[in-house]
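S.K.: Can you read through this structure? Questions will come right after.
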Amino acid sequence: MGLFTNNKKLCPVCGKPTPRLLATTVEGMPICKECAAKVDLPSGLVDKMDVKSFVQYVNYYDDNQVLRDVFKEDYRYDFGFLSGALVLDTAHRLFRLSGIDTSLVMESNNLKNFRILEDNAPLFEGDANGLKCHTSKVPERVKEMEPQIEHFMRERRDYEWREERREEMERQQNASRPNQALPPVLNSDSGSTVRMSEPRFNTAGPFQNFEVEIVLKHAYWGSKKWKVKAPSFDKEHPSTDSYLIDYETSVDKMRDLAEHLMRIANPDAKVTYDKQEKAQSDAVPDVAGQIAKYKALLDSGAITQEEFTALKQKLIG
């Protein structure tokens, strides 16, 4: 039978005709598009199934339609292009591991626990017993980078001063000898004709990614992980204050995600903190000092007026 004959193979699950090209296969046999569209499983799991176990899965998926009909999205965290999304219905304590409307809907008893980490360091941990909020070492490690950043900024200012001087000399030469080829501008210290390379701050931040991990009690899913890129320093004008503003914004989003997941796991569960973090939260914040820092960032152009207003409002409450 050739490629263009009408004799298509039939799906071993439902008996419908199967695609001739690029068909999903189970136990070496192609399945129809309708059955393939029901696959919402961990990568590689279908390849390990025989026809009988896949039929059982399809029946499970069809039964899940009851929950899909009930599901009403009220929270979504998008992890970026190709990384998918975590979608919640906190009112009914339901959730999806995908942003696709036809994906499986899971119930609160399917959520065993979750963790949000900074690389390997836990930031939030939650289950039906409660949410644990851990003290991050990132702010401390960022502060430790201040001498390195100050050294870079001295080099950067020196480079910018030399570039301004070189450009000014070129303008003067162009004005005095507009039709003559210009010799290279010398480095006044070394006499070199080589132009200085632009300094770039390529040092990585204290951590690379937030990692979101959900552990499940489910017939087909054991766990699911996502990564969210951590903040980074500006390559030309790095600032610990700017980094920490971006970091705090990211942590607020992670905290919001954790709190929404707790509405699935147990909306009445308690929140606990590391002792150090609780002590810090009980202390009176230096509001005036923080506002002064944010004002300096606003004046330097590192943040916008809208960002300054939002940060100020957050401090004042």
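Here, A, B, ... name the chains of the structure tokens in the order displayed, residue numbers run from 1 inside each chain, and ligands are numbered from 1 in the same displayed order.
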Do a neighbour search on Glu150 of chain A at 12 Å with only C-alpha atoms, toss out local chain neighbours closer than 3 positions, and write the hits as a PyMOL selection string.
M.R.: chain A and resi 143-147+153-157+201+237-240
S.K.: Let's see if you can do this: from backbone DSSP, list all helix (DSSP H, G or I) residues in segment 3-114 of chain A, as a ChimeraX atom specification.
M.R.: /A:33-36,46-48,51-63,65-70,108-110
S.K.: Find the residues around Glu307 of chain A up to 12 Å (only C-alpha atoms counted), leave out those fewer than 3 positions away in its own chain, and share them as a ChimeraX atom specification.
M.R.: /A:242,245-246,249,291,294-295,297-298,301-304,310-314
S.K.: Could you please take those selected residues and save N, CA and C atoms as a tab-separated table (two decimals), in the first residue's frame?
M.R.:
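Just written: again-v4.tsv:
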chain	number	residue	atom	x	y	z
A	242	SER	N	19.80	48.84	42.26
A	242	SER	CA	18.94	48.47	41.13
A	242	SER	C	18.71	46.97	41.10
A	245	ILE	N	16.21	46.00	43.79
A	245	ILE	CA	14.84	46.37	43.44
A	245	ILE	C	14.24	45.32	42.52
A	246	ASP	N	15.01	44.92	41.48
A	246	ASP	CA	14.54	43.86	40.57
A	246	ASP	C	14.34	42.55	41.33
A	249	THR	N	11.18	42.65	43.45
A	249	THR	CA	10.01	42.51	42.58
A	249	THR	C	9.79	41.04	42.20
A	291	ILE	N	13.59	55.45	50.94
A	291	ILE	CA	13.04	56.41	49.98
A	291	ILE	C	14.16	57.26	49.39
A	294	TYR	N	15.84	55.22	46.73
A	294	TYR	CA	15.01	55.15	45.53
A	294	TYR	C	15.02	56.48	44.77
A	295	LYS	N	15.05	57.60	45.54
A	295	LYS	CA	15.09	58.92	44.90
A	295	LYS	C	16.40	59.10	44.13
A	297	LEU	N	18.13	56.71	42.76
A	297	LEU	CA	18.01	55.89	41.55
A	297	LEU	C	17.13	56.58	40.52
A	298	LEU	N	16.08	57.26	40.98
A	298	LEU	CA	15.21	58.00	40.06
A	298	LEU	C	15.99	59.14	39.40
A	301	GLY	N	18.25	58.04	36.70
A	301	GLY	CA	17.62	57.42	35.54
A	301	GLY	C	17.54	55.91	35.60
A	302	ALA	N	17.95	55.31	36.74
A	302	ALA	CA	17.95	53.85	36.87
A	302	ALA	C	16.53	53.29	36.98
A	303	ILE	N	15.61	54.09	37.53
A	303	ILE	CA	14.21	53.67	37.60
A	303	ILE	C	13.32	54.81	37.10
A	304	THR	N	12.10	54.47	36.72
A	304	THR	CA	11.16	55.48	36.23
A	304	THR	C	10.38	56.11	37.38
A	310	ALA	N	5.63	53.53	42.96
A	310	ALA	CA	5.17	52.23	43.44
A	310	ALA	C	6.01	51.74	44.62
A	311	LEU	N	7.33	51.91	44.53
A	311	LEU	CA	8.22	51.48	45.62
A	311	LEU	C	7.98	52.31	46.88
A	312	LYS	N	7.78	53.61	46.70
A	312	LYS	CA	7.51	54.49	47.84
A	312	LYS	C	6.21	54.10	48.52
A	313	GLN	N	5.18	53.83	47.72
A	313	GLN	CA	3.88	53.45	48.27
A	313	GLN	C	3.98	52.13	49.03
A	314	LYS	N	4.80	51.21	48.51
A	314	LYS	CA	4.97	49.92	49.17
A	314	LYS	C	5.61	50.09	50.55
S.K.: Pick from A:Ala269, A:Ala292, A:Met262, A:Val215: nearest to Leu88 of chain A, with only C-alpha atoms counted?
M.R.: A:Met262
S.K.: Between A:Pro42, A:Arg166, A:Leu111, A:Met106, which one has atoms that come closest to Gln65 of chain A, using only C-alpha atoms?
M.R.: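 Ranked by minimum distance to Gln65 of chain A, first place goes to A:Met106.
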S.K.: I want to know what sits within 12 Å of Asp89 of chain A, based on only C-alpha atoms, with residues of the same chain fewer than 3 positions away left out; could you give that as a list in words?
M.R.: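 Non-adjacent residues within range: Leu67, Arg68, Asp69, Val70, Phe71, Lys72, Glu73, Asp74, Tyr75, Arg76, Leu86, His92, Arg93, Leu94, Phe95, Arg96, Leu97, Val105, Met106, Glu107, Ser108, His260, Leu261, Met262, Arg263, Ile264 and Ala265 of chain A.
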S.K.: Would you pick out the contacts of Ala23 of chain A at 9 Å or less, using only C-alpha atoms, so that residues sharing its chain but fewer than 3 positions from it are not included, and give the list as a count of residues only?
M.R.: 9
